[in-house]
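First the structure, in the form of structure tokens, and then the observations on it.
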Amino acid sequence: PASSHLRARARARAPVGAPATWRAELNKSGWYVVPSASGEAIVFLAEAALGLSSTLSADNPGLRKAPTGFDSCVTTSRTQPDPAQDVQLTLDGRQVTFATGPIVEIEPPAVEAAGSSGYARTPRSHFLQKEYLLYREGQARLRYLVKLRI
């Protein structure tokens, strides 16, 4: 199959080590797309087997594999597409949710008790968008090519 000849190349110096990075937002993936002279571009729609995910809210450039006991990492984020405008499609008999809404700010985490000193806010994420970090190539399967006019 064609997917056996396609390889995701990890960035050598990434804020989260060297994973294959999957994004739930086309606007973020679009940062890495270069359109042809006619304004067309192709992106992949892929399935990712996340398994048990560790959550990251800050950079960790030394990360070369998911932490022990985890299969992947998922970053927290400060923004997301408005979930009220998600669209559900059936692809190959499965319900798939597509985030199609405008980007909205995520409320900062709730205030938590900080011992006798009163209250302290839980730190916000360093990441603007959510990213799914896979450290084993076999965890992803390319499913569709999507042709866009940019």
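Please note that chains go A, B, ... in the order of the structure tokens, that every chain numbers its residues from 1, and that ligands are numbered from 1 in the order shown.
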DSSP on the backbone, then: every residue of region 20-127 of chain A marked strand (DSSP E), written as a CSV table (one decimal) with N, CA, C and O atoms, in the first residue's frame.
```
chain,number,residue,atom,x,y,z
A,20,ALA,N,6.3,12.0,15.8
A,20,ALA,CA,5.4,12.4,14.7
A,20,ALA,C,4.3,13.1,15.3
A,20,ALA,O,3.7,12.7,16.3
A,21,THR,N,4.0,14.3,14.9
A,21,THR,CA,3.0,15.2,15.5
A,21,THR,C,1.7,15.2,14.7
A,21,THR,O,1.8,15.5,13.5
A,22,TRP,N,0.6,15.0,15.3
A,22,TRP,CA,-0.7,15.0,14.6
A,22,TRP,C,-1.5,16.1,15.2
A,22,TRP,O,-1.5,16.3,16.4
A,23,ARG,N,-2.3,16.8,14.4
A,23,ARG,CA,-3.1,17.9,14.9
A,23,ARG,C,-4.5,17.7,14.6
A,23,ARG,O,-4.9,17.1,13.6
A,40,GLU,N,-3.2,25.0,-4.9
A,40,GLU,CA,-3.7,23.8,-4.4
A,40,GLU,C,-2.6,23.2,-3.4
A,40,GLU,O,-1.4,23.3,-3.6
A,41,ALA,N,-3.2,22.5,-2.4
A,41,ALA,CA,-2.3,21.8,-1.5
A,41,ALA,C,-3.0,20.5,-1.1
A,41,ALA,O,-4.2,20.4,-1.2
A,42,ILE,N,-2.2,19.6,-0.6
A,42,ILE,CA,-2.8,18.3,-0.1
A,42,ILE,C,-2.4,18.1,1.3
A,42,ILE,O,-1.2,18.3,1.7
A,43,VAL,N,-3.4,17.7,2.1
A,43,VAL,CA,-3.1,17.3,3.5
A,43,VAL,C,-3.6,15.9,3.7
A,43,VAL,O,-4.5,15.4,2.9
A,44,PHE,N,-3.1,15.2,4.7
A,44,PHE,CA,-3.6,13.8,5.0
A,44,PHE,C,-4.6,13.8,6.1
A,44,PHE,O,-4.4,14.6,7.1
A,45,LEU,N,-5.6,13.1,6.0
A,45,LEU,CA,-6.5,12.8,7.1
A,45,LEU,C,-6.1,11.4,7.6
A,45,LEU,O,-6.1,10.4,6.8
A,46,ALA,N,-5.7,11.3,8.9
A,46,ALA,CA,-5.1,10.1,9.4
A,46,ALA,C,-5.8,9.6,10.7
A,46,ALA,O,-6.4,10.4,11.4
A,47,GLU,N,-5.7,8.4,10.9
A,47,GLU,CA,-6.2,7.8,12.2
A,47,GLU,C,-4.9,7.6,13.1
A,47,GLU,O,-3.9,7.2,12.6
A,48,ALA,N,-5.1,7.9,14.3
A,48,ALA,CA,-3.9,7.8,15.3
A,48,ALA,C,-4.4,6.9,16.4
A,48,ALA,O,-5.4,7.2,17.0
A,53,SER,N,-2.6,8.0,27.0
A,53,SER,CA,-1.8,9.2,26.7
A,53,SER,C,-1.4,10.0,28.0
A,53,SER,O,-2.2,10.1,28.9
A,54,SER,N,-0.2,10.4,28.0
A,54,SER,CA,0.3,11.3,29.0
A,54,SER,C,0.0,12.7,28.6
A,54,SER,O,0.1,13.1,27.4
A,55,THR,N,-0.3,13.6,29.5
A,55,THR,CA,-0.6,15.0,29.2
A,55,THR,C,0.6,15.9,29.4
A,55,THR,O,1.2,15.8,30.5
A,56,LEU,N,0.8,16.8,28.5
A,56,LEU,CA,1.9,17.7,28.6
A,56,LEU,C,1.4,19.1,28.5
A,56,LEU,O,0.5,19.4,27.7
A,72,SER,N,1.4,7.4,24.1
A,72,SER,CA,1.5,8.7,23.4
A,72,SER,C,1.4,9.8,24.4
A,72,SER,O,1.3,9.6,25.6
A,73,CYS,N,1.5,11.0,23.8
A,73,CYS,CA,1.4,12.2,24.7
A,73,CYS,C,0.4,13.2,24.0
A,73,CYS,O,0.3,13.2,22.7
A,74,VAL,N,-0.4,13.9,24.7
A,74,VAL,CA,-1.3,14.9,24.2
A,74,VAL,C,-1.0,16.2,24.9
A,74,VAL,O,-0.9,16.2,26.2
A,75,THR,N,-0.8,17.3,24.2
A,75,THR,CA,-0.6,18.6,24.8
A,75,THR,C,-1.9,19.2,25.2
A,75,THR,O,-2.9,19.0,24.5
A,79,THR,N,-6.3,27.3,23.2
A,79,THR,CA,-7.4,27.6,22.2
A,79,THR,C,-7.9,26.3,21.7
A,79,THR,O,-7.2,25.2,21.8
A,80,GLN,N,-9.1,26.3,21.1
A,80,GLN,CA,-9.6,25.2,20.4
A,80,GLN,C,-10.8,25.6,19.5
A,80,GLN,O,-11.3,26.7,19.7
A,81,PRO,N,-11.1,24.8,18.4
A,81,PRO,CA,-12.3,25.2,17.7
A,81,PRO,C,-13.5,25.1,18.6
A,81,PRO,O,-13.6,24.2,19.4
A,87,VAL,N,-18.7,18.9,13.4
A,87,VAL,CA,-19.5,18.2,12.4
A,87,VAL,C,-19.2,16.7,12.5
A,87,VAL,O,-18.0,16.4,12.6
A,88,GLN,N,-20.2,15.9,12.5
A,88,GLN,CA,-20.0,14.5,12.5
A,88,GLN,C,-20.3,13.9,11.1
A,88,GLN,O,-21.3,14.2,10.5
A,89,LEU,N,-19.4,13.1,10.7
A,89,LEU,CA,-19.6,12.4,9.4
A,89,LEU,C,-19.4,10.9,9.7
A,89,LEU,O,-18.7,10.5,10.6
A,90,THR,N,-19.9,10.1,8.8
A,90,THR,CA,-19.7,8.6,8.9
A,90,THR,C,-18.7,8.3,7.8
A,90,THR,O,-19.0,8.5,6.6
A,91,LEU,N,-17.6,7.8,8.1
A,91,LEU,CA,-16.5,7.3,7.2
A,91,LEU,C,-16.3,5.9,7.5
A,91,LEU,O,-15.9,5.5,8.6
A,94,ARG,N,-17.9,4.4,10.5
A,94,ARG,CA,-17.5,5.0,11.8
A,94,ARG,C,-17.9,6.4,11.9
A,94,ARG,O,-17.7,7.2,10.9
A,95,GLN,N,-18.4,6.9,13.1
A,95,GLN,CA,-18.6,8.3,13.3
A,95,GLN,C,-17.3,9.0,13.5
A,95,GLN,O,-16.5,8.6,14.4
A,96,VAL,N,-17.1,10.0,12.8
A,96,VAL,CA,-15.8,10.8,12.9
A,96,VAL,C,-16.2,12.3,13.2
A,96,VAL,O,-17.1,12.8,12.4
A,97,THR,N,-15.7,12.9,14.2
A,97,THR,CA,-16.0,14.3,14.5
A,97,THR,C,-14.9,15.2,13.9
A,97,THR,O,-13.7,14.9,14.1
A,98,PHE,N,-15.4,16.2,13.2
A,98,PHE,CA,-14.5,17.2,12.6
A,98,PHE,C,-14.7,18.5,13.3
A,98,PHE,O,-15.9,19.0,13.5
A,103,ILE,N,-12.0,29.5,16.1
A,103,ILE,CA,-11.1,29.3,17.3
A,103,ILE,C,-11.6,30.1,18.5
A,103,ILE,O,-11.8,31.3,18.3
A,104,VAL,N,-11.6,29.5,19.6
A,104,VAL,CA,-12.0,30.2,20.9
A,104,VAL,C,-11.0,29.9,21.9
A,104,VAL,O,-10.3,28.9,21.9
A,105,GLU,N,-10.9,30.8,22.9
A,105,GLU,CA,-10.0,30.7,24.0
A,105,GLU,C,-10.6,29.7,25.0
A,105,GLU,O,-11.8,29.6,25.2
A,111,VAL,N,-9.2,27.9,40.0
A,111,VAL,CA,-8.2,28.2,41.1
A,111,VAL,C,-8.2,27.0,42.0
A,111,VAL,O,-9.2,26.4,42.3
A,112,GLU,N,-7.0,26.7,42.5
A,112,GLU,CA,-6.8,25.5,43.4
A,112,GLU,C,-6.3,26.0,44.7
A,112,GLU,O,-5.5,27.0,44.7
A,113,ALA,N,-6.6,25.3,45.8
A,113,ALA,CA,-6.0,25.7,47.1
A,113,ALA,C,-4.5,25.4,47.1
A,113,ALA,O,-4.0,24.5,46.4
A,119,TYR,N,-4.6,30.9,47.7
A,119,TYR,CA,-4.9,30.2,46.4
A,119,TYR,C,-3.8,30.6,45.4
A,119,TYR,O,-3.3,31.6,45.3
A,120,ALA,N,-3.6,29.6,44.5
A,120,ALA,CA,-2.7,29.8,43.4
A,120,ALA,C,-3.3,29.2,42.1
A,120,ALA,O,-4.0,28.2,42.2
A,121,ARG,N,-3.1,29.8,41.0
A,121,ARG,CA,-3.7,29.3,39.8
A,121,ARG,C,-2.9,28.2,39.2
A,121,ARG,O,-1.6,28.3,39.2
```
For Asp86 (chain A), which residue out of A:Val33, A:Ala99, A:Leu128, A:Ala58 is the nearest one, using only C-alpha atoms?
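Ranked by minimum distance to Asp86 (chain A), first place goes to A:Ala99.
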Contact residues around Gly51 (chain A) with only C-alpha atoms at 12 Å, ignoring same-chain residues under 4 positions, as an MDAnalysis selection string:
chainID A and resid 66 69:74 132:136 139:140
Computed interatomic separation between CA of Gly138 (chain A) and CA of Pro83 (chain A) (Å)
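Value for the CA of Gly138 (chain A)-CA of Pro83 (chain A) distance: 29.1 Å.
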Identify, on the basis of only C-alpha atoms, every residue whose closest approach to Ala84 (chain A) does not exceed 10 Å; exclude the query and any residue fewer than 6 positions from it along the same chain; express the result as a PDB file with all heavy atoms, in the first residue's frame.
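selection_28.pdb, freshly written:
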```
ATOM      1  N   ALA A  99     -13.642  19.135  13.821  1.00  0.00           N
ATOM      2  CA  ALA A  99     -13.730  20.438  14.467  1.00  0.00           C
ATOM      3  C   ALA A  99     -13.790  21.497  13.370  1.00  0.00           C
ATOM      4  O   ALA A  99     -12.823  21.679  12.638  1.00  0.00           O
ATOM      5  CB  ALA A  99     -12.512  20.652  15.356  1.00  0.00           C
ATOM      6  N   THR A 100     -14.929  22.167  13.238  1.00  0.00           N
ATOM      7  CA  THR A 100     -15.109  23.131  12.153  1.00  0.00           C
ATOM      8  C   THR A 100     -15.414  24.540  12.640  1.00  0.00           C
ATOM      9  O   THR A 100     -15.547  25.452  11.829  1.00  0.00           O
ATOM     10  CB  THR A 100     -16.253  22.684  11.222  1.00  0.00           C
ATOM     11  OG1 THR A 100     -17.457  22.621  11.969  1.00  0.00           O
ATOM     12  CG2 THR A 100     -15.957  21.329  10.595  1.00  0.00           C
ATOM     13  N   GLY A 101     -15.535  24.724  13.928  1.00  0.00           N
ATOM     14  CA  GLY A 101     -15.920  26.028  14.461  1.00  0.00           C
ATOM     15  C   GLY A 101     -14.773  27.012  14.500  1.00  0.00           C
ATOM     16  O   GLY A 101     -13.605  26.646  14.318  1.00  0.00           O
ATOM     17  N   PRO A 102     -15.084  28.271  14.750  1.00  0.00           N
ATOM     18  CA  PRO A 102     -14.040  29.284  14.903  1.00  0.00           C
ATOM     19  C   PRO A 102     -13.206  28.993  16.151  1.00  0.00           C
ATOM     20  O   PRO A 102     -13.681  28.351  17.084  1.00  0.00           O
ATOM     21  CB  PRO A 102     -14.826  30.587  15.047  1.00  0.00           C
ATOM     22  CG  PRO A 102     -16.167  30.171  15.547  1.00  0.00           C
ATOM     23  CD  PRO A 102     -16.422  28.810  14.970  1.00  0.00           C
TER      24      PRO A 102
END
```
Enter the distance from CA of Asp92 (chain A) to CA of Leu26 (chain A), in Å, rounded to one decimal.
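Between CA of Asp92 (chain A) and CA of Leu26 (chain A) the gap is 21.2 Å.
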From the options A:Ser36, A:Ser77, A:Ser57, A:Gln85, which residue's atoms come nearest to Lys130 (chain A), counting only C-alpha atoms?
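Looking at the shortest contact to Lys130 (chain A), the residue is A:Ser77.
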Would you mind telling me which residue in A:Phe127, A:Glu25, A:Pro19, A:Ser38 lies nearest to Asp82 (chain A) when using only C-alpha atoms?
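Smallest separation from Asp82 (chain A) among the options: A:Glu25.
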Which of these, A:Leu52, A:Ser125, A:Tyr144, A:Arg149, has the shortest distance to Gly39 (chain A) once you count only C-alpha atoms?
A:Arg149
